[in-house]
file final.pdb (PDB, C-alpha atoms and all ligand atoms)
ATOM      1  CA  MET A1057      25.877   0.181  22.845
ATOM      2  CA  THR A1058      22.253   0.311  21.738
ATOM      3  CA  ARG A1059      20.956   3.812  21.190
ATOM      4  CA  ALA A1060      17.389   5.034  21.025
ATOM      5  CA  VAL A1061      16.016   7.067  18.144
ATOM      6  CA  ALA A1062      12.569   8.596  17.762
ATOM      7  CA  LEU A1063      11.449   9.549  14.265
ATOM      8  CA  ILE A1064       8.641  12.014  13.568
ATOM      9  CA  SER A1065       7.095  10.914  10.300
ATOM     10  CA  GLY A1066       4.469  11.473   7.635
ATOM     11  CA  GLY A1067       4.139   9.060   4.712
ATOM     12  CA  VAL A1068       6.678   8.573   1.923
ATOM     13  CA  GLY A1069       9.511  10.877   3.035
ATOM     14  CA  GLY A1070       9.373   9.589   6.599
ATOM     15  CA  ALA A1071       8.959   5.949   5.619
ATOM     16  CA  ARG A1072      11.957   6.055   3.304
ATOM     17  CA  LEU A1073      14.253   7.402   5.999
ATOM     18  CA  ALA A1074      12.727   5.100   8.627
ATOM     19  CA  ARG A1075      13.643   2.125   6.444
ATOM     20  CA  GLY A1076      17.296   3.102   6.936
ATOM     21  CA  PHE A1077      16.971   2.952  10.726
ATOM     22  CA  GLU A1078      15.060  -0.349  10.465
ATOM     23  CA  HIS A1079      18.198  -1.837   8.873
ATOM     24  CA  LEU A1080      20.687  -0.313  11.323
ATOM     25  CA  PRO A1081      22.020  -2.603  14.069
ATOM     26  CA  ASP A1082      22.279  -1.343  17.656
ATOM     27  CA  VAL A1083      19.517   1.224  17.243
ATOM     28  CA  ARG A1084      16.138   1.011  18.948
ATOM     29  CA  THR A1085      13.799   2.938  16.679
ATOM     30  CA  THR A1086      10.370   4.334  17.435
ATOM     31  CA  ILE A1087       8.475   5.976  14.579
ATOM     32  CA  VAL A1088       5.794   8.479  15.595
ATOM     33  CA  VAL A1089       3.446   8.769  12.630
ATOM     34  CA  ASN A1090       0.997  11.440  11.502
ATOM     35  CA  VAL A1091      -2.689  10.552  11.705
ATOM     36  CA  GLY A1092      -4.037  13.843  10.303
ATOM     37  CA  ASP A1093      -4.590  12.102   6.931
ATOM     38  CA  ASP A1094      -6.808   9.420   8.481
ATOM     39  CA  ASP A1095     -10.350   9.197   7.191
ATOM     40  CA  THR A1096     -13.250   6.877   6.512
ATOM     41  CA  ILE A1097     -13.224   5.688   2.900
ATOM     42  CA  TYR A1098     -15.596   3.008   1.545
ATOM     43  CA  GLY A1099     -16.690   2.654   5.158
ATOM     44  CA  LEU A1100     -13.137   1.718   6.215
ATOM     45  CA  SER A1101     -10.893   3.511   8.723
ATOM     46  CA  VAL A1102      -7.811   4.326   6.652
ATOM     47  CA  SER A1103      -4.501   5.536   8.113
ATOM     48  CA  PRO A1104      -2.490   6.270   4.958
ATOM     49  CA  ASP A1105       0.722   7.480   6.604
ATOM     50  CA  ILE A1106       0.859   4.575   9.067
ATOM     51  CA  ASP A1107       0.309   2.162   6.184
ATOM     52  CA  THR A1108       3.006   3.769   4.021
ATOM     53  CA  VAL A1109       5.421   3.292   6.930
ATOM     54  CA  LEU A1110       4.258  -0.313   7.506
ATOM     55  CA  TYR A1111       4.517  -1.289   3.837
ATOM     56  CA  THR A1112       7.860   0.485   3.275
ATOM     57  CA  LEU A1113       9.507  -1.082   6.332
ATOM     58  CA  ALA A1114       8.184  -4.484   5.267
ATOM     59  CA  GLY A1115       9.527  -3.932   1.719
ATOM     60  CA  LEU A1116       6.002  -4.149   0.278
ATOM     61  CA  GLU A1117       5.444  -0.518  -0.729
ATOM     62  CA  GLY A1118       3.722   0.414  -3.974
ATOM     63  CA  PRO A1119       5.513   2.400  -6.681
ATOM     64  CA  HIS A1120       3.600   5.659  -6.073
ATOM     65  CA  GLY A1121       4.080   6.036  -2.341
ATOM     66  CA  TRP A1122       0.797   4.456  -1.335
ATOM     67  CA  GLY A1123      -0.549   0.928  -1.274
ATOM     68  CA  ARG A1124       1.297  -2.310  -1.884
ATOM     69  CA  ALA A1125       3.416  -3.433  -4.830
ATOM     70  CA  GLY A1126       1.560  -5.749  -7.208
ATOM     71  CA  ASP A1127      -1.731  -5.399  -5.388
ATOM     72  CA  THR A1128      -4.813  -6.418  -7.386
ATOM     73  CA  MET A1129      -7.740  -3.999  -7.803
ATOM     74  CA  VAL A1130     -10.695  -6.400  -7.969
ATOM     75  CA  LEU A1131     -12.544  -4.599  -5.190
ATOM     76  CA  MET A1132     -12.126  -1.243  -6.989
ATOM     77  CA  GLU A1133     -13.443  -2.750 -10.264
ATOM     78  CA  HIS A1134     -16.553  -3.976  -8.485
ATOM     79  CA  LEU A1135     -17.089  -0.652  -6.716
ATOM     80  CA  ASP A1136     -16.655   1.120 -10.081
ATOM     81  CA  GLY A1137     -19.322  -1.157 -11.513
ATOM     82  CA  LEU A1138     -21.642  -0.052  -8.731
ATOM     83  CA  GLY A1139     -21.089   3.599  -9.575
ATOM     84  CA  VAL A1140     -18.857   4.354  -6.572
ATOM     85  CA  ASP A1141     -16.194   7.068  -7.044
ATOM     86  CA  THR A1142     -12.921   5.128  -6.732
ATOM     87  CA  THR A1143     -10.454   8.012  -7.075
ATOM     88  CA  PHE A1144      -9.016   6.899  -3.721
ATOM     89  CA  ARG A1145      -7.392   3.607  -4.806
ATOM     90  CA  LEU A1146      -7.350   0.791  -2.320
ATOM     91  CA  GLY A1147      -5.870  -2.480  -3.627
ATOM     92  CA  ASP A1148      -7.257  -5.786  -2.409
ATOM     93  CA  ALA A1149      -4.501  -6.671   0.091
ATOM     94  CA  ASP A1150      -4.482  -3.043   1.243
ATOM     95  CA  ALA A1151      -8.263  -3.194   1.713
ATOM     96  CA  ALA A1152      -7.876  -6.376   3.774
ATOM     97  CA  LEU A1153      -5.513  -4.599   6.151
ATOM     98  CA  ASN A1154      -7.931  -1.670   6.404
ATOM     99  CA  ILE A1155     -10.853  -4.031   7.072
ATOM    100  CA  CYS A1156      -8.812  -5.586   9.867
ATOM    101  CA  ARG A1157      -8.056  -2.146  11.373
ATOM    102  CA  THR A1158     -11.695  -1.061  11.065
ATOM    103  CA  MET A1159     -12.993  -4.219  12.739
ATOM    104  CA  ARG A1160     -10.619  -3.795  15.651
ATOM    105  CA  LEU A1161     -11.356  -0.069  16.061
ATOM    106  CA  ASP A1162     -15.075  -0.881  16.026
ATOM    107  CA  ALA A1163     -14.432  -3.495  18.714
ATOM    108  CA  GLY A1164     -12.836  -0.756  20.861
ATOM    109  CA  ASP A1165      -9.129  -1.544  20.416
ATOM    110  CA  PRO A1166      -6.897   1.561  20.453
ATOM    111  CA  LEU A1167      -5.071   2.474  17.234
ATOM    112  CA  HIS A1168      -1.604   2.055  18.775
ATOM    113  CA  GLU A1169      -2.291  -1.576  19.692
ATOM    114  CA  ILE A1170      -3.734  -2.333  16.277
ATOM    115  CA  THR A1171      -0.719  -0.699  14.623
ATOM    116  CA  ALA A1172       1.664  -2.748  16.795
ATOM    117  CA  SER A1173       0.013  -6.007  15.799
ATOM    118  CA  LEU A1174       0.003  -5.087  12.104
ATOM    119  CA  ALA A1175       3.723  -4.240  12.348
ATOM    120  CA  GLY A1176       4.324  -7.545  14.129
ATOM    121  CA  SER A1177       2.480  -9.517  11.467
ATOM    122  CA  LEU A1178       4.651  -7.835   8.804
ATOM    123  CA  GLY A1179       7.873  -8.718  10.659
ATOM    124  CA  ILE A1180       8.911  -5.109  11.389
ATOM    125  CA  ARG A1181      11.515  -4.489  14.136
ATOM    126  CA  SER A1182      10.924  -0.782  14.656
ATOM    127  CA  LYS A1183       8.136   0.351  16.919
ATOM    128  CA  ILE A1184       5.491   2.218  14.917
ATOM    129  CA  LEU A1185       3.161   4.462  16.902
ATOM    130  CA  PRO A1186       0.314   6.699  15.787
ATOM    131  CA  ALA A1187       1.022  10.196  17.140
ATOM    132  CA  THR A1188      -2.316  10.006  18.948
ATOM    133  CA  ASN A1189      -5.225   7.604  19.359
ATOM    134  CA  HIS A1190      -7.616  10.563  19.378
ATOM    135  CA  PRO A1191      -9.351  11.683  16.206
ATOM    136  CA  LEU A1192      -7.129  14.440  14.791
ATOM    137  CA  ARG A1193      -7.942  15.528  11.259
ATOM    138  CA  THR A1194      -6.021  17.853   8.979
ATOM    139  CA  GLU A1195      -8.309  20.215   7.076
ATOM    140  CA  ILE A1196      -7.362  22.550   4.277
ATOM    141  CA  ARG A1197      -8.922  25.925   3.504
ATOM    142  CA  THR A1198      -9.005  26.477  -0.238
ATOM    143  CA  GLY A1199     -11.520  29.344  -0.453
ATOM    144  CA  PRO A1200     -12.837  32.237   1.657
ATOM    145  CA  ASP A1201     -15.047  29.930   3.697
ATOM    146  CA  LEU A1202     -14.235  26.550   2.229
ATOM    147  CA  TRP A1203     -12.580  23.948   4.432
ATOM    148  CA  ARG A1204     -11.912  20.574   2.825
ATOM    149  CA  PRO A1205     -11.074  17.263   4.508
ATOM    150  CA  PHE A1206      -7.445  16.337   3.840
ATOM    151  CA  GLN A1207      -8.078  13.447   1.445
ATOM    152  CA  GLU A1208     -10.513  15.539  -0.600
ATOM    153  CA  TYR A1209      -7.729  18.107  -1.105
ATOM    154  CA  PHE A1210      -4.931  15.565  -1.535
ATOM    155  CA  VAL A1211      -6.356  12.597  -3.437
ATOM    156  CA  MET A1212      -9.785  13.500  -4.827
ATOM    157  CA  ARG A1213      -8.712  16.960  -6.072
ATOM    158  CA  GLY A1214      -5.057  16.018  -6.665
ATOM    159  CA  GLN A1215      -3.562  18.935  -4.637
ATOM    160  CA  ARG A1216      -4.653  21.412  -7.314
ATOM    161  CA  ASP A1217      -6.061  23.989  -4.897
ATOM    162  CA  GLU A1218      -3.982  26.662  -3.290
ATOM    163  CA  VAL A1219      -3.690  25.984   0.439
ATOM    164  CA  LEU A1220      -4.778  29.195   2.170
ATOM    165  CA  GLU A1221      -4.819  27.818   5.692
ATOM    166  CA  VAL A1222      -4.410  24.501   7.501
ATOM    167  CA  ARG A1223      -6.057  23.365  10.718
ATOM    168  CA  TYR A1224      -5.785  20.204  12.778
ATOM    169  CA  THR A1225      -9.256  19.546  14.078
ATOM    170  CA  GLY A1226      -9.227  17.664  17.371
ATOM    171  CA  ALA A1227      -5.608  18.514  18.151
ATOM    172  CA  ALA A1228      -6.506  20.625  21.195
ATOM    173  CA  GLU A1229      -8.261  17.652  22.837
ATOM    174  CA  ALA A1230      -5.724  15.083  21.639
ATOM    175  CA  THR A1231      -2.966  13.609  23.781
ATOM    176  CA  ALA A1232      -0.020  11.536  22.612
ATOM    177  CA  ALA A1233      -0.625   7.821  22.108
ATOM    178  CA  PRO A1234       0.870   5.595  24.844
ATOM    179  CA  GLY A1235       4.623   5.307  24.302
ATOM    180  CA  VAL A1236       5.073   8.491  22.245
ATOM    181  CA  VAL A1237       6.173  10.896  24.985
ATOM    182  CA  GLU A1238       8.347   8.189  26.561
ATOM    183  CA  ALA A1239      10.041   7.484  23.196
ATOM    184  CA  ILE A1240      10.822  11.177  22.640
ATOM    185  CA  ARG A1241      11.930  11.695  26.244
ATOM    186  CA  THR A1242      14.326   8.741  26.267
ATOM    187  CA  ALA A1243      15.654   9.130  22.710
ATOM    188  CA  ASP A1244      19.325   9.922  22.215
ATOM    189  CA  VAL A1245      18.131  11.782  19.147
ATOM    190  CA  VAL A1246      14.784  12.780  17.657
ATOM    191  CA  VAL A1247      14.760  12.937  13.872
ATOM    192  CA  ILE A1248      12.152  15.007  12.065
ATOM    193  CA  THR A1249      12.012  13.058   8.795
ATOM    194  CA  PRO A1250      11.871  14.689   5.323
ATOM    195  CA  SER A1251       8.081  14.744   5.247
ATOM    196  CA  ASN A1252       5.912  17.692   4.218
ATOM    197  CA  PRO A1253       6.277  20.132   7.171
ATOM    198  CA  PRO A1254       2.791  21.714   7.249
ATOM    199  CA  LEU A1255       0.832  18.673   6.072
ATOM    200  CA  SER A1256       2.669  15.776   7.722
ATOM    201  CA  ILE A1257       4.729  17.100  10.661
ATOM    202  CA  TRP A1258       2.729  20.062  12.016
ATOM    203  CA  PRO A1259      -0.293  17.854  12.795
ATOM    204  CA  ILE A1260       2.014  15.897  15.138
ATOM    205  CA  LEU A1261       3.466  19.090  16.691
ATOM    206  CA  ALA A1262      -0.111  20.308  17.256
ATOM    207  CA  ILE A1263      -0.547  17.691  19.995
ATOM    208  CA  GLY A1264       0.293  19.501  23.234
ATOM    209  CA  ASP A1265       2.217  16.824  25.118
ATOM    210  CA  VAL A1266       4.169  15.862  21.991
ATOM    211  CA  ALA A1267       5.234  19.491  21.500
ATOM    212  CA  VAL A1268       6.360  19.747  25.132
ATOM    213  CA  ALA A1269       8.316  16.482  24.882
ATOM    214  CA  LEU A1270      10.040  17.724  21.718
ATOM    215  CA  GLU A1271      11.042  21.002  23.353
ATOM    216  CA  ARG A1272      12.710  18.972  26.096
ATOM    217  CA  ALA A1273      14.297  16.383  23.791
ATOM    218  CA  ARG A1274      18.030  15.769  24.095
ATOM    219  CA  ARG A1275      18.734  16.559  20.437
ATOM    220  CA  VAL A1276      16.436  17.256  17.483
ATOM    221  CA  ILE A1277      17.679  16.797  13.926
ATOM    222  CA  ALA A1278      15.560  17.570  10.867
ATOM    223  CA  VAL A1279      16.168  16.276   7.357
ATOM    224  CA  SER A1280      14.955  18.640   4.653
ATOM    225  CA  PRO A1281      12.461  17.325   2.089
ATOM    226  CA  LEU A1282      13.644  19.936  -0.440
ATOM    227  CA  PHE A1283      15.890  19.460  -3.470
ATOM    228  CA  GLY A1284      16.756  22.659  -5.290
ATOM    229  CA  GLY A1285      14.074  24.295  -3.184
ATOM    230  CA  ARG A1286      11.392  21.901  -4.444
ATOM    231  CA  ALA A1287       9.746  18.773  -3.064
ATOM    232  CA  LEU A1288      10.741  15.569  -4.849
ATOM    233  CA  LYS A1289       7.056  14.807  -5.174
ATOM    234  CA  GLY A1290       3.940  16.405  -3.780
ATOM    235  CA  PRO A1291       3.067  19.972  -2.817
ATOM    236  CA  ALA A1292       5.440  20.700   0.117
ATOM    237  CA  ASP A1293       7.186  23.731  -1.450
ATOM    238  CA  ARG A1294       3.922  25.207  -2.780
ATOM    239  CA  VAL A1295       2.105  24.736   0.522
ATOM    240  CA  MET A1296       5.005  26.205   2.502
ATOM    241  CA  ALA A1297       5.051  29.262   0.222
ATOM    242  CA  SER A1298       1.315  29.854   0.358
ATOM    243  CA  LEU A1299       1.393  29.603   4.165
ATOM    244  CA  GLY A1300       3.980  32.396   4.221
ATOM    245  CA  LEU A1301       7.156  30.435   4.992
ATOM    246  CA  PRO A1302      10.332  31.682   3.312
ATOM    247  CA  PRO A1303      11.535  29.729   0.272
ATOM    248  CA  GLY A1304      14.124  26.945   0.474
ATOM    249  CA  ASN A1305      15.594  25.599   3.664
ATOM    250  CA  ALA A1306      15.009  28.873   5.480
ATOM    251  CA  GLY A1307      11.374  27.761   5.234
ATOM    252  CA  VAL A1308      12.121  24.320   6.656
ATOM    253  CA  HIS A1309      14.037  25.966   9.492
ATOM    254  CA  ALA A1310      11.146  28.386  10.097
ATOM    255  CA  ALA A1311       8.647  25.506  10.057
ATOM    256  CA  TYR A1312      10.480  24.028  13.068
ATOM    257  CA  GLU A1313      11.460  27.327  14.700
ATOM    258  CA  GLY A1314      13.045  26.853  18.113
ATOM    259  CA  LEU A1315      13.050  23.047  17.925
ATOM    260  CA  LEU A1316      16.136  22.158  15.921
ATOM    261  CA  ASP A1317      19.716  21.478  16.894
ATOM    262  CA  ASP A1318      20.687  20.247  13.423
ATOM    263  CA  LEU A1319      19.356  20.431   9.879
ATOM    264  CA  PHE A1320      20.454  18.217   6.977
ATOM    265  CA  ILE A1321      20.090  19.848   3.573
ATOM    266  CA  ASP A1322      20.844  18.485   0.111
ATOM    267  CA  SER A1323      24.105  19.280  -1.705
ATOM    268  CA  GLY A1324      22.164  21.151  -4.384
ATOM    269  CA  ASP A1325      20.920  23.608  -1.741
ATOM    270  CA  ARG A1326      24.273  24.367  -0.139
ATOM    271  CA  GLU A1327      23.819  28.151  -0.575
ATOM    272  CA  ASP A1328      20.925  27.933   1.895
ATOM    273  CA  ARG A1329      23.514  27.346   4.615
ATOM    274  CA  ASP A1330      24.707  30.972   4.584
ATOM    275  CA  GLY A1331      21.244  32.283   5.428
ATOM    276  CA  LEU A1332      21.069  29.909   8.398
ATOM    277  CA  ALA A1333      24.521  30.727   9.774
ATOM    278  CA  ALA A1334      23.174  32.986  12.518
ATOM    279  CA  SER A1335      20.339  30.631  13.462
ATOM    280  CA  GLY A1336      22.327  28.564  15.977
ATOM    281  CA  VAL A1337      21.330  25.392  14.111
ATOM    282  CA  SER A1338      24.140  23.161  12.776
ATOM    283  CA  VAL A1339      23.540  22.766   9.063
ATOM    284  CA  HIS A1340      24.929  19.621   7.401
ATOM    285  CA  VAL A1341      25.237  19.499   3.621
ATOM    286  CA  GLY A1342      25.305  16.274   1.588
ATOM    287  CA  SER A1343      23.068  14.007  -0.454
ATOM    288  CA  THR A1344      19.751  13.644   1.359
ATOM    289  CA  LEU A1345      18.230  11.236  -1.160
ATOM    290  CA  VAL A1346      16.961   8.183   0.735
ATOM    291  CA  ALA A1347      14.800   6.720  -2.017
ATOM    292  CA  ASP A1348      16.371   3.250  -1.859
ATOM    293  CA  PRO A1349      17.171   1.145   1.230
ATOM    294  CA  GLU A1350      20.969   1.355   0.781
ATOM    295  CA  ARG A1351      21.031   5.156   0.702
ATOM    296  CA  ALA A1352      18.581   5.292   3.576
ATOM    297  CA  THR A1353      20.738   3.020   5.723
ATOM    298  CA  ALA A1354      23.873   5.020   4.916
ATOM    299  CA  PHE A1355      22.038   8.236   5.772
ATOM    300  CA  ALA A1356      20.722   6.834   9.061
ATOM    301  CA  ALA A1357      24.292   5.784   9.922
ATOM    302  CA  ARG A1358      25.472   9.328   9.171
ATOM    303  CA  ILE A1359      22.943  10.724  11.616
ATOM    304  CA  MET A1360      24.072   8.263  14.299
ATOM    305  CA  GLU A1361      27.699   9.293  13.756
ATOM    306  CA  LEU A1362      26.817  12.815  14.928
ATOM    307  CA  LEU A1363      26.012  11.520  18.408
TER     308      LEU A1363
HETATM  309  P1  LIG A1401       3.064  11.705   2.181
HETATM  310  O1  LIG A1401       2.571  11.770   3.600
HETATM  311  O2  LIG A1401       3.246  10.300   1.696
HETATM  312  O3  LIG A1401       2.324  12.567   1.237
HETATM  313  O4  LIG A1401       4.507  12.288   2.161
HETATM  314  P2  LIG A1401       5.451  12.928   3.249
HETATM  315  O5  LIG A1401       4.884  14.188   3.787
HETATM  316  O6  LIG A1401       5.929  11.926   4.226
HETATM  317  O7  LIG A1401       6.693  13.206   2.357
HETATM  318  C1  LIG A1401       6.657  14.033   1.225
HETATM  319  C2  LIG A1401       8.017  14.645   1.090
HETATM  320  O8  LIG A1401       9.016  13.615   1.085
HETATM  321  C3  LIG A1401       8.207  15.410  -0.191
HETATM  322  O9  LIG A1401       8.283  16.772   0.145
HETATM  323  C4  LIG A1401       9.530  14.878  -0.751
HETATM  324  O10 LIG A1401      10.402  15.905  -1.180
HETATM  325  C5  LIG A1401      10.122  14.136   0.428
HETATM  326  N1  LIG A1401      10.975  13.020   0.031
HETATM  327  C6  LIG A1401      10.618  11.935  -0.681
HETATM  328  N2  LIG A1401      11.683  11.136  -0.895
HETATM  329  C7  LIG A1401      12.755  11.741  -0.298
HETATM  330  C8  LIG A1401      14.142  11.438  -0.172
HETATM  331  O11 LIG A1401      14.659  10.418  -0.663
HETATM  332  N3  LIG A1401      14.923  12.310   0.543
HETATM  333  C9  LIG A1401      14.407  13.447   1.092
HETATM  334  N4  LIG A1401      15.227  14.263   1.754
HETATM  335  N5  LIG A1401      13.115  13.775   0.973
HETATM  336  C10 LIG A1401      12.299  12.940   0.296
HETATM  337 CA    CA A1402       0.496  11.872   4.334
END
call {"tool": "encode", "arguments": {"input": "final.pdb", "output": "structure tokens", "more": "lines below"}}
Ligand code: GDP
Ligand code: CA
result
Amino acid sequence: MTRAVALISGGVGGARLARGFEHLPDVRTTIVVNVGDDDTIYGLSVSPDIDTVLYTLAGLEGPHGWGRAGDTMVLMEHLDGLGVDTTFRLGDADAALNICRTMRLDAGDPLHEITASLAGSLGIRSKILPATNHPLRTEIRTGPDLWRPFQEYFVMRGQRDEVLEVRYTGAAEATAAPGVVEAIRTADVVVITPSNPPLSIWPILAIGDVAVALERARRVIAVSPLFGGRALKGPADRVMASLGLPPGNAGVHAAYEGLLDDLFIDSGDREDRDGLAASGVSVHVGSTLVADPERATAFAARIMELL
């Protein structure tokens, strides 16, 4: 029997788990991807989380969680030569994809259709949807009155600032992209992937009709991004702490307060289970590393076995 799964995803953590579902037979997977990181860079409309998911599911992902493996950097060399700040690296094949997206957006095509055709051209089975077609932008407050665009905080300044506050500009006006609410509503299970909760998942939950659909979902399972209380890579634990969430998986649980039926935590964090005993959430302990396709597929199968 084919079952339907909806994944809620940021970049690397989400893409790695999504790759497991991509390889699982008898599962119809829809991946709802964060667009809060989207921006205009070198005049191009970039969607970094969508592209991380596209490249990872196509087996083309770069070694650092962005871009494509083996991509050349000729464009960046030429921009450097012209005095352009190229801290945000865009390889040549990656730039081509972003040119294609930009041209189609400029021609009036909605982001979800563009994303579907890119996924099709890369031979991906899963359905990849932007959370919304509306402009929704994550912004980070790093000083008393200093709001920075997400990519300035994340890439240009290398996540060195303390995150005092996060906002999702445009979220109040945004509605889910076509197919998102339907995918969540009809899913046998919704999986909140091990992405950064405040920076990758909250921007999706900030969209009103997505939040309502999630509250009504049949079953919601989150996979923790923490190992020994820390993110594998990136600022998730620091950002969660500075936004006032409790440390460890109590913080992951609090980040998704009221939404979860189940939470998967890593073996190294098994003590966190005691603190969650009264929460009503079923806590599952085991290896949550999904860095390679084999582990990801085994983990996806484990989730499906719960149903
Ligand atoms: P970005 O959008 O690419 O910056 O990244 P995400 O927000 O999607 O994911 C970042 C999170 O993924 C980090 O907090 C990592 O701890 C987590 N992560 C990366 N690889 C794995 C993994 O194999 N298993 C789990 N559970 N989490 C992972
Ligand atoms: Ca991201």
call {"tool": "atom_distance", "arguments": {"input": "final.pdb", "atom1": "atom CA of Arg1274 of chain A", "atom2": "atom CA of Thr1231 of chain A"}}
result
21.1 Å
call {"tool": "residues_near_point", "arguments": {"input": "final.pdb", "point": "(13.9, 16.8, 17.9)", "cutoff": "12 Å", "atoms": "all atoms listed in the file", "output": "PyMOL selection string"}}
result
chain A and resi 1061-1065+1088+1239-1249+1257+1261+1266-1279+1312-1319+1337
call {"tool": "resolve_selection", "arguments": {"input": "final.pdb", "expression": "the PyMOL selection byres (((not hetatm)) within 7 of (chain A and resi 1402))", "output": "ChimeraX atom specification"}}
result
/A:1066-1067,1093,1104-1105,1256
call {"tool": "residues_near_ligand", "arguments": {"input": "final.pdb", "ligand": "ligand LIG 1401 (chain A)", "cutoff": "8 Å", "atoms": "only C-alpha atoms and all ligand atoms", "output": "ChimeraX atom specification"}}
result
/A:1065-1073,1093,1104-1105,1108,1121-1122,1249-1253,1255-1257,1279-1283,1286-1293,1321-1322,1344-1348,1352
call {"tool": "atom_distance", "arguments": {"input": "final.pdb", "atom1": "atom CA of Ala1172 of chain A", "atom2": "atom CA of Leu1110 of chain A"}}
result
9.9 Å
call {"tool": "residues_near_point", "arguments": {"input": "final.pdb", "point": "(-3.3, 20.0, 7.7)", "cutoff": "8 Å", "atoms": "all atoms listed in the file", "output": "PyMOL selection string"}}
result
chain A and resi 1092+1193-1196+1206+1222-1224+1254-1256+1258-1259
call {"tool": "axis_aligned_box", "arguments": {"input": "final.pdb", "around": "segment 1065-1071 of chain A", "padding_each_side": "4 Å", "output": "JSON"}}
result
{"center_x": 6.8, "center_y": 8.7, "center_z": 6.1, "size_x": 13.4, "size_y": 13.5, "size_z": 16.4}
call {"tool": "residues_around", "arguments": {"input": "final.pdb", "residues": "Glu1221 of chain A", "least_positions_apart": "5", "cutoff": "9 Å", "atoms": "all atoms listed in the file", "output": "mmCIF file with C-alpha atoms, in the frame of the given file"}}
result
data_model
loop_
_atom_site.group_PDB
_atom_site.id
_atom_site.type_symbol
_atom_site.label_atom_id
_atom_site.label_comp_id
_atom_site.auth_asym_id
_atom_site.auth_seq_id
_atom_site.Cartn_x
_atom_site.Cartn_y
_atom_site.Cartn_z
ATOM 1 C CA GLU A 1195 -8.309 20.215 7.076
ATOM 2 C CA ILE A 1196 -7.362 22.550 4.277
ATOM 3 C CA ARG A 1197 -8.922 25.925 3.504
ATOM 4 C CA THR A 1198 -9.005 26.477 -0.238
ATOM 5 C CA TRP A 1203 -12.580 23.948 4.432
ATOM 6 C CA SER A 1298 1.315 29.854 0.358
ATOM 7 C CA LEU A 1299 1.393 29.603 4.165
#
call {"tool": "closest_residue", "arguments": {"input": "final.pdb", "among": "A:Glu1117, A:Asp1150, A:Asp1165, A:Glu1361", "to": "Met1132 of chain A", "atoms": "all atoms listed in the file"}}
result
A:Asp1150
call {"tool": "closest_residue", "arguments": {"input": "final.pdb", "among": "A:Gly1264, A:Gly1076, A:Gly1307, A:Pro1186", "to": "Gly1115 of chain A", "atoms": "all atoms listed in the file"}}
result
A:Gly1076
call {"tool": "closest_residue", "arguments": {"input": "final.pdb", "among": "A:Val1140, A:Val1219, A:Leu1192, A:Leu1185", "to": "Gly1235 of chain A", "atoms": "only C-alpha atoms"}}
result
A:Leu1185
call {"tool": "atom_distance", "arguments": {"input": "final.pdb", "atom1": "atom CA of Ala1074 of chain A", "atom2": "atom CA of Leu1113 of chain A"}}
result
7.3 Å
call {"tool": "closest_residue", "arguments": {"input": "final.pdb", "among": "A:Ala1356, A:Ala1175, A:Ala1187, A:Val1236", "to": "His1079 of chain A", "atoms": "all atoms listed in the file"}}
result
A:Ala1356
call {"tool": "decode", "arguments": {"input": "final.pdb", "residues": "segment 1302-1312 of chain A", "atoms": "N, CA and C atoms", "output": "mmCIF file, in the first residue's frame"}}
result
data_model
loop_
_atom_site.group_PDB
_atom_site.id
_atom_site.type_symbol
_atom_site.label_atom_id
_atom_site.label_comp_id
_atom_site.auth_asym_id
_atom_site.auth_seq_id
_atom_site.Cartn_x
_atom_site.Cartn_y
_atom_site.Cartn_z
ATOM 1 N N PRO A 1302 14.867 26.122 26.062
ATOM 2 C CA PRO A 1302 15.700 25.330 26.972
ATOM 3 C C PRO A 1302 16.746 24.532 26.187
ATOM 4 N N PRO A 1303 17.847 24.155 26.849
ATOM 5 C CA PRO A 1303 18.883 23.407 26.151
ATOM 6 C C PRO A 1303 18.436 21.990 25.798
ATOM 7 N N GLY A 1304 19.122 21.387 24.837
ATOM 8 C CA GLY A 1304 18.881 19.992 24.470
ATOM 9 C C GLY A 1304 17.533 19.789 23.798
ATOM 10 N N ASN A 1305 17.054 18.560 23.886
ATOM 11 C CA ASN A 1305 15.819 18.230 23.177
ATOM 12 C C ASN A 1305 14.564 18.794 23.828
ATOM 13 N N ALA A 1306 14.680 19.255 25.073
ATOM 14 C CA ALA A 1306 13.574 20.019 25.650
ATOM 15 C C ALA A 1306 13.341 21.265 24.794
ATOM 16 N N GLY A 1307 14.430 21.817 24.261
ATOM 17 C CA GLY A 1307 14.330 22.993 23.392
ATOM 18 C C GLY A 1307 13.691 22.667 22.053
ATOM 19 N N VAL A 1308 14.017 21.498 21.510
ATOM 20 C CA VAL A 1308 13.403 21.089 20.239
ATOM 21 C C VAL A 1308 11.902 20.865 20.453
ATOM 22 N N HIS A 1309 11.591 20.210 21.567
ATOM 23 C CA HIS A 1309 10.177 19.990 21.914
ATOM 24 C C HIS A 1309 9.462 21.328 22.074
ATOM 25 N N ALA A 1310 10.100 22.265 22.781
ATOM 26 C CA ALA A 1310 9.471 23.579 23.008
ATOM 27 C C ALA A 1310 9.314 24.346 21.695
ATOM 28 N N ALA A 1311 10.257 24.155 20.783
ATOM 29 C CA ALA A 1311 10.196 24.858 19.490
ATOM 30 C C ALA A 1311 8.946 24.451 18.710
ATOM 31 N N TYR A 1312 8.470 23.230 18.952
ATOM 32 C CA TYR A 1312 7.298 22.706 18.236
ATOM 33 C C TYR A 1312 6.135 22.422 19.189
#
